[in-house]
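K.L.:
You'll find start_36.csv just under this line, and it carries CSV, C-alpha atoms.
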```
chain,number,residue,atom,x,y,z
A,1,MET,CA,-18.5,-4.5,-14.2
A,2,ALA,CA,-16.7,-3.2,-11.1
A,3,LYS,CA,-13.2,-4.3,-10.6
A,4,PRO,CA,-12.7,-6.8,-7.7
A,5,VAL,CA,-10.4,-6.6,-4.7
A,6,VAL,CA,-7.7,-9.3,-5.2
A,7,VAL,CA,-5.9,-11.0,-2.3
A,8,GLY,CA,-2.9,-13.4,-2.3
A,9,VAL,CA,-3.7,-16.6,-0.3
A,10,ASP,CA,-1.3,-19.2,0.9
A,11,GLY,CA,-2.8,-20.4,4.2
A,12,SER,CA,-0.3,-18.5,6.4
A,13,PRO,CA,-1.6,-16.4,9.4
A,14,SER,CA,-0.4,-13.3,7.6
A,15,SER,CA,-2.3,-14.1,4.4
A,16,LEU,CA,-5.5,-14.8,6.4
A,17,ASP,CA,-5.1,-11.3,8.0
A,18,ALA,CA,-4.8,-10.0,4.5
A,19,VAL,CA,-8.0,-11.9,3.5
A,20,GLU,CA,-9.9,-10.2,6.3
A,21,THR,CA,-8.7,-6.8,5.3
A,22,ALA,CA,-9.4,-7.5,1.6
A,23,ALA,CA,-13.0,-8.7,2.5
A,24,HIS,CA,-13.5,-5.5,4.5
A,25,GLU,CA,-12.3,-3.4,1.6
A,26,ALA,CA,-14.5,-5.3,-0.8
A,27,ALA,CA,-17.6,-4.9,1.4
A,28,LEU,CA,-16.9,-1.1,1.9
A,29,SER,CA,-16.5,-0.7,-1.9
A,30,GLY,CA,-19.4,-2.9,-2.9
A,31,VAL,CA,-17.2,-5.0,-5.2
A,32,GLY,CA,-16.3,-8.7,-5.4
A,33,LEU,CA,-13.4,-10.4,-3.8
A,34,ARG,CA,-11.0,-12.7,-5.7
A,35,LEU,CA,-8.9,-15.2,-3.7
A,36,VAL,CA,-5.7,-16.0,-5.6
A,37,HIS,CA,-3.2,-18.8,-4.9
A,38,ALA,CA,-0.1,-18.7,-7.1
A,39,PHE,CA,1.5,-22.1,-7.2
A,40,GLY,CA,5.1,-21.6,-8.2
A,41,TRP,CA,8.5,-23.3,-7.8
A,42,PRO,CA,11.8,-21.6,-7.1
A,43,SER,CA,13.3,-23.1,-10.3
A,44,ILE,CA,12.2,-22.4,-13.8
A,45,HIS,CA,12.4,-26.1,-14.5
A,46,PRO,CA,9.4,-28.2,-13.4
A,47,PRO,CA,10.1,-31.1,-11.1
A,48,PRO,CA,10.1,-34.7,-12.5
A,49,GLY,CA,6.7,-36.1,-13.1
A,50,GLY,CA,4.9,-33.2,-14.7
A,51,PRO,CA,3.8,-29.8,-13.8
A,52,PRO,CA,3.6,-28.8,-10.1
A,53,TRP,CA,-0.2,-28.3,-10.3
A,54,SER,CA,-2.1,-31.2,-11.7
A,55,PRO,CA,-4.9,-33.6,-10.6
A,56,ALA,CA,-2.2,-36.3,-10.2
A,57,ARG,CA,-0.7,-34.4,-7.3
A,58,ALA,CA,-3.7,-34.9,-5.0
A,59,GLY,CA,-1.9,-34.1,-1.8
A,60,VAL,CA,-0.9,-30.7,-3.1
A,61,ARG,CA,-4.3,-30.0,-4.5
A,62,GLU,CA,-6.0,-30.9,-1.2
A,63,LEU,CA,-3.6,-28.6,0.6
A,64,VAL,CA,-4.3,-25.7,-1.7
A,65,ASP,CA,-8.1,-26.3,-1.6
A,66,GLY,CA,-7.9,-26.4,2.2
A,67,ALA,CA,-6.1,-23.0,2.3
A,68,LEU,CA,-8.6,-21.5,-0.1
A,69,ALA,CA,-11.5,-22.9,1.9
A,70,ASP,CA,-10.1,-21.4,5.1
A,71,ALA,CA,-9.6,-18.1,3.4
A,72,GLU,CA,-13.1,-18.1,2.0
A,73,GLN,CA,-14.6,-18.9,5.4
A,74,ARG,CA,-12.6,-16.0,7.0
A,75,ALA,CA,-13.7,-13.6,4.2
A,76,ARG,CA,-17.4,-14.5,4.7
A,77,GLU,CA,-17.2,-13.8,8.4
A,78,VAL,CA,-16.0,-10.3,7.6
A,79,GLY,CA,-18.1,-9.7,4.4
A,80,PRO,CA,-21.0,-12.1,4.3
A,81,ARG,CA,-22.6,-10.4,1.3
A,82,VAL,CA,-19.4,-10.1,-0.7
A,83,ASP,CA,-19.3,-12.1,-4.0
A,84,ILE,CA,-16.2,-14.4,-3.6
A,85,THR,CA,-14.3,-16.3,-6.3
A,86,ARG,CA,-11.2,-18.4,-6.2
A,87,GLU,CA,-8.3,-18.8,-8.6
A,88,VAL,CA,-5.4,-21.2,-8.5
A,89,THR,CA,-2.6,-20.3,-11.0
A,90,VAL,CA,0.7,-21.8,-11.8
A,91,GLY,CA,3.4,-19.2,-11.7
A,92,GLU,CA,5.6,-17.1,-9.5
A,93,PRO,CA,3.4,-15.2,-7.0
A,94,LEU,CA,4.7,-11.7,-7.7
A,95,MET,CA,4.2,-12.1,-11.5
A,96,VAL,CA,0.7,-13.7,-11.0
A,97,LEU,CA,-0.4,-10.8,-8.7
A,98,GLU,CA,1.1,-8.2,-11.0
A,99,ILE,CA,-1.1,-9.7,-13.8
A,100,GLU,CA,-4.1,-9.8,-11.5
A,101,SER,CA,-3.6,-6.1,-10.7
A,102,ARG,CA,-4.5,-5.2,-14.3
A,103,THR,CA,-8.1,-6.0,-13.7
A,104,ALA,CA,-8.3,-5.3,-9.9
A,105,SER,CA,-9.4,-2.2,-8.0
A,106,LEU,CA,-6.9,-3.1,-5.2
A,107,VAL,CA,-4.4,-5.9,-4.5
A,108,VAL,CA,-4.0,-7.0,-0.8
A,109,VAL,CA,-1.1,-9.0,0.5
A,110,GLY,CA,0.2,-10.1,3.9
A,111,SER,CA,3.5,-9.1,5.3
A,112,ARG,CA,4.8,-12.7,5.6
A,113,GLY,CA,3.7,-16.0,4.1
A,114,LEU,CA,4.5,-19.6,3.2
A,115,GLY,CA,6.0,-21.0,0.1
A,116,GLY,CA,5.9,-18.6,-2.8
A,117,PHE,CA,4.6,-15.8,-0.6
A,118,GLY,CA,7.3,-16.5,2.0
A,119,SER,CA,9.2,-13.6,3.6
A,120,LEU,CA,7.1,-11.2,1.5
A,121,LEU,CA,8.8,-8.0,2.4
A,122,LEU,CA,12.3,-9.4,2.8
A,123,GLY,CA,11.8,-11.2,-0.5
A,124,SER,CA,10.8,-7.9,-2.1
A,125,THR,CA,7.5,-9.3,-3.5
A,126,ALA,CA,5.6,-6.4,-1.9
A,127,VAL,CA,8.1,-3.9,-3.2
A,128,HIS,CA,7.8,-5.4,-6.7
A,129,LEU,CA,4.0,-5.2,-6.6
A,130,ALA,CA,4.1,-1.6,-5.3
A,131,ALA,CA,6.4,-0.6,-8.1
A,132,TYR,CA,4.9,-2.5,-11.0
A,133,GLY,CA,1.2,-3.1,-10.0
A,134,HIS,CA,-1.5,-1.6,-12.1
A,135,CYS,CA,-3.7,-0.7,-9.2
A,136,PRO,CA,-3.1,0.3,-5.5
A,137,VAL,CA,-1.3,-2.3,-3.4
A,138,LEU,CA,-2.2,-2.7,0.3
A,139,VAL,CA,0.3,-4.5,2.5
A,140,VAL,CA,-1.2,-5.7,5.8
A,141,ARG,CA,1.3,-5.3,8.6
A,142,GLY,CA,1.8,-4.0,12.1
A,143,ARG,CA,-0.8,-3.3,14.7
A,144,PRO,CA,-3.1,-0.6,13.3
A,145,ASN,CA,-5.0,1.7,15.6
A,146,PRO,CA,-8.6,0.7,14.9
A,147,THR,CA,-9.9,4.2,15.8
A,148,GLY,CA,-7.0,6.1,14.3
A,149,PRO,CA,-7.1,8.3,11.2
A,150,VAL,CA,-6.1,7.4,7.7
A,151,LEU,CA,-2.6,8.8,7.4
A,152,LEU,CA,-1.7,10.4,4.0
A,153,ALA,CA,1.9,11.1,3.2
A,154,VAL,CA,1.6,14.4,1.2
A,155,ASP,CA,4.5,15.2,-1.1
A,156,GLY,CA,2.8,17.6,-3.5
A,157,SER,CA,4.0,15.8,-6.6
A,158,PRO,CA,1.8,15.2,-9.7
A,159,ALA,CA,2.5,11.5,-9.3
A,160,GLY,CA,1.1,11.6,-5.7
A,161,GLU,CA,-2.3,12.9,-6.8
A,162,ARG,CA,-3.8,9.5,-7.0
A,163,ALA,CA,-2.6,8.7,-3.5
A,164,VAL,CA,-4.5,11.7,-2.3
A,165,GLU,CA,-7.6,10.6,-4.0
A,166,PHE,CA,-7.3,7.1,-2.7
A,167,ALA,CA,-6.7,8.3,0.9
A,168,PHE,CA,-9.8,10.5,0.8
A,169,ALA,CA,-11.9,7.7,-0.6
A,170,GLU,CA,-10.6,5.3,2.1
A,171,ALA,CA,-11.3,7.7,4.9
A,172,SER,CA,-14.8,8.3,3.6
A,173,MET,CA,-15.6,4.6,3.3
A,174,ARG,CA,-14.2,3.8,6.7
A,175,GLY,CA,-15.9,6.8,8.4
A,176,ALA,CA,-12.4,7.9,9.6
A,177,ASP,CA,-10.6,11.1,9.9
A,178,LEU,CA,-7.8,11.9,7.5
A,179,LEU,CA,-4.4,13.1,8.8
A,180,ALA,CA,-2.6,14.7,5.9
A,181,LEU,CA,1.1,14.9,6.9
A,182,HIS,CA,3.6,16.9,4.9
A,183,VAL,CA,7.2,16.5,6.2
A,184,TRP,CA,9.7,19.1,5.0
A,185,ASN,CA,13.3,20.1,5.7
A,186,THR,CA,15.9,22.4,4.0
A,187,TRP,CA,16.5,19.7,1.4
A,188,SER,CA,12.9,18.8,0.8
A,189,GLU,CA,12.9,20.0,-2.8
A,190,ARG,CA,15.5,17.3,-3.6
A,191,ALA,CA,13.9,14.8,-1.3
A,192,TYR,CA,17.4,14.0,0.0
A,193,GLU,CA,18.4,13.0,3.5
A,194,GLY,CA,22.2,12.8,3.7
A,195,PRO,CA,24.6,12.2,6.5
A,196,GLY,CA,24.5,15.9,7.6
A,197,ASP,CA,21.8,17.7,9.4
A,198,PRO,CA,19.5,19.4,6.9
A,199,LEU,CA,17.7,21.2,9.7
A,200,ASN,CA,20.7,23.4,10.3
A,201,MET,CA,21.4,24.6,6.8
A,202,VAL,CA,21.4,28.4,6.3
A,203,VAL,CA,18.3,29.2,4.3
A,204,ASP,CA,15.2,31.4,4.6
A,205,ILE,CA,13.3,29.1,6.9
A,206,ASP,CA,10.2,31.2,7.1
A,207,ARG,CA,9.9,31.5,3.3
A,208,LEU,CA,10.4,27.8,2.9
A,209,ARG,CA,7.9,27.0,5.5
A,210,GLU,CA,5.3,29.2,3.8
A,211,GLU,CA,6.0,27.5,0.5
A,212,GLU,CA,5.5,24.0,2.0
A,213,GLN,CA,2.3,25.1,3.8
A,214,ARG,CA,1.0,26.4,0.5
A,215,LEU,CA,1.9,23.1,-1.2
A,216,LEU,CA,0.0,21.2,1.5
A,217,ASP,CA,-3.1,23.5,1.2
A,218,GLU,CA,-3.2,23.4,-2.6
A,219,THR,CA,-2.9,19.6,-2.6
A,220,LEU,CA,-5.8,19.1,-0.2
A,221,SER,CA,-8.3,21.8,-1.0
A,222,PRO,CA,-9.9,20.3,-4.1
A,223,TRP,CA,-10.3,16.9,-2.4
A,224,GLN,CA,-11.8,18.4,0.7
A,225,THR,CA,-14.4,20.1,-1.5
A,226,ARG,CA,-15.2,16.7,-3.1
A,227,TYR,CA,-15.3,14.9,0.3
A,228,PRO,CA,-16.8,17.4,2.7
A,229,GLN,CA,-17.8,14.6,5.1
A,230,VAL,CA,-14.1,13.7,5.8
A,231,ALA,CA,-12.6,15.6,8.7
A,232,VAL,CA,-9.0,16.5,7.7
A,233,GLU,CA,-6.1,17.5,9.9
A,234,ARG,CA,-3.4,19.3,8.0
A,235,ARG,CA,-0.1,18.7,9.7
A,236,LEU,CA,3.2,20.4,8.6
A,237,VAL,CA,6.3,19.0,10.2
A,238,ARG,CA,9.9,20.1,9.9
A,239,SER,CA,11.9,16.8,10.3
A,240,ARG,CA,13.4,14.0,8.4
A,241,ILE,CA,10.8,12.5,6.1
A,242,ARG,CA,11.0,8.8,6.7
A,243,PRO,CA,11.3,8.7,10.5
A,244,ALA,CA,8.5,11.3,10.9
A,245,LEU,CA,6.1,9.2,8.7
A,246,ILE,CA,7.0,6.0,10.5
A,247,GLU,CA,6.4,7.6,13.9
A,248,ALA,CA,3.1,9.0,12.8
A,249,SER,CA,2.0,5.6,11.6
A,250,ASN,CA,1.8,4.6,15.3
A,251,GLU,CA,-1.5,6.5,15.6
A,252,ALA,CA,-3.0,5.5,12.2
A,253,ARG,CA,-5.2,2.7,11.0
A,254,LEU,CA,-3.8,2.9,7.5
A,255,VAL,CA,-0.9,4.8,5.7
A,256,VAL,CA,-1.4,5.9,2.1
A,257,VAL,CA,1.7,6.9,0.1
A,258,GLY,CA,2.5,7.5,-3.5
A,259,ALA,CA,5.0,5.2,-5.2
A,260,ARG,CA,7.4,8.0,-5.8
A,261,GLY,CA,7.4,11.6,-4.8
A,262,ARG,CA,9.4,14.7,-5.5
A,263,GLY,CA,13.0,14.5,-6.2
A,264,GLY,CA,14.9,11.2,-6.3
A,265,PHE,CA,16.3,9.6,-9.4
A,266,THR,CA,14.3,9.8,-12.6
A,267,GLY,CA,13.1,6.4,-13.7
A,268,LEU,CA,12.7,4.9,-10.2
A,269,LEU,CA,9.3,3.3,-9.9
A,270,LEU,CA,9.4,3.1,-6.1
A,271,GLY,CA,10.9,5.8,-3.9
A,272,SER,CA,12.8,5.4,-0.6
A,273,VAL,CA,9.9,6.8,1.5
A,274,SER,CA,7.4,4.3,0.3
A,275,GLN,CA,9.9,1.5,0.7
A,276,ALA,CA,10.7,2.6,4.3
A,277,LEU,CA,7.0,2.6,5.1
A,278,LEU,CA,6.5,-0.9,3.6
A,279,HIS,CA,9.3,-2.2,5.9
A,280,HIS,CA,8.8,-0.2,9.1
A,281,ALA,CA,5.3,1.3,9.4
A,282,HIS,CA,3.3,0.4,12.5
A,283,CYS,CA,0.1,-0.2,10.5
A,284,SER,CA,-0.9,-1.4,7.0
A,285,VAL,CA,0.4,0.6,4.0
A,286,ALA,CA,-1.3,1.3,0.7
A,287,VAL,CA,1.1,2.3,-2.1
A,288,VAL,CA,-0.6,4.1,-5.0
A,289,ARG,CA,1.2,4.7,-8.3
A,290,GLY,CA,0.6,7.8,-10.3
A,291,LYS,CA,-0.6,8.1,-13.8
A,292,GLU,CA,1.6,6.3,-16.3
```
Output the file's structure as structure tokens, nothing else.
P.N.:
Amino acid sequence: MAKPVVVGVDGSPSSLDAVETAAHEAALSGVGLRLVHAFGWPSIHPPPGGPPWSPARAGVRELVDGALADAEQRAREVGPRVDITREVTVGEPLMVLEIESRTASLVVVGSRGLGGFGSLLLGSTAVHLAAYGHCPVLVVRGRPNPTGPVLLAVDGSPAGERAVEFAFAEASMRGADLLALHVWNTWSERAYEGPGDPLNMVVDIDRLREEEQRLLDETLSPWQTRYPQVAVERRLVRSRIRPALIEASNEARLVVVGARGRGGFTGLLLGSVSQALLHHAHCSVAVVRGKE
């Protein structure tokens, strides 16, 4: 059975935007959609009177049922033929969605929410899911250009291979072009952007540019053969990595990035580039982890 798209629901406007995006993704992929409401409390100790989710708490139950009903209606408007299921689970949202990601093809969350999903990015829930999720995580944010390309952040790392595959598949399903952007500078190999200006270091710039172009070409060529219907623009830019990608997201409908690229500290599950995009991109961001 095909793995469903999972979306976190709490009734907030942001989560309803996520539901629409998730329904669209499910319709494009031909899979089911799973609406998940995680009912948690900030304390590990349940409040007096029993567990927070129980038939006795009718008011809470009605509120949750109403949020799920609104979400389902919104999803059916986008994907009328999508098979939709609901799930209400007691637990902290980030842990519940992490568990859900084990049997999902994609997890979609909004940028801000209510209750357990509140201040999603500032509360680091999206960062946690991007780092620990077992499938790609799509964070709905910004104002995407509906006619823009899928923007792929190319880093050339083995861990980024799945991000490349995901970006080509998304562009193919959406009938969109793919903008493959590889940003480099004189410190690219260490993926480090310090207080100085790496653009002015004394190195063999021509040789380095040729190496970076070769890396970009070698990363994309096999996937262009597999997806010949996708029009690809290969863009090599000498700049600082994070600002260049954030600026490029202005023209995109979706940004796809690996969880962690070249360089950085060994053992980190989420790199600074993906974190910067989660917080500052002008459109939705899909973070794809590499093979474990």
K.L.:
Hey, which of A:Val36, A:Leu178, A:Val164, A:Ala126 ends up closest to A:Gln275? Count only C-alpha atoms.
P.N.:
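Distance minimum relative to A:Gln275 lands on A:Ala126.
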K.L.:
Between A:Ala71, A:Val230, A:Glu161, A:Ala281, which one has atoms that come closest to A:Gly142, using all atoms listed in the file?
P.N.:
A:Ala281
K.L.:
What is the distance, in Å and to one decimal place, between atom CA of A:Ser105 and atom CA of A:Ala180?
P.N.:
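Computed distance, atom CA of A:Ser105 to atom CA of A:Ala180, equals 22.9 Å.
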K.L.:
Which one of A:Ser274, A:Thr186, A:Asn250, A:Asn145 sits closest to A:Ala163 if you count all atoms listed in the file?
P.N.:
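When distances to A:Ala163 are compared using all atoms listed in the file, the smallest one comes from A:Ser274.
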K.L.:
Mind dumping a table of every stretch 100-181 of chain A residue within 9 Å of stretch 16-34 of chain A, with the nearest atom pair and its distance in Å to one decimal, using only C-alpha atoms, sorted by chain and rising number, as CSV?
P.N.:
```
residue,atom,partner,partner_atom,distance
A:Ala104,CA,A:Arg34,CA,8.9
A:Ser105,CA,A:Val31,CA,8.7
A:Leu106,CA,A:Ala22,CA,8.5
A:Val107,CA,A:Ala22,CA,8.0
A:Val108,CA,A:Ala22,CA,5.9
A:Val109,CA,A:Ala18,CA,5.5
A:Gly110,CA,A:Ala18,CA,5.0
A:Ser111,CA,A:Ala18,CA,8.4
A:Leu138,CA,A:Ala22,CA,8.8
A:Val139,CA,A:Ala18,CA,7.8
A:Val140,CA,A:Ala18,CA,5.8
A:Arg141,CA,A:Ala18,CA,8.7
A:Glu170,CA,A:Glu25,CA,8.9
A:Met173,CA,A:Leu28,CA,6.0
A:Arg174,CA,A:Leu28,CA,7.4
```
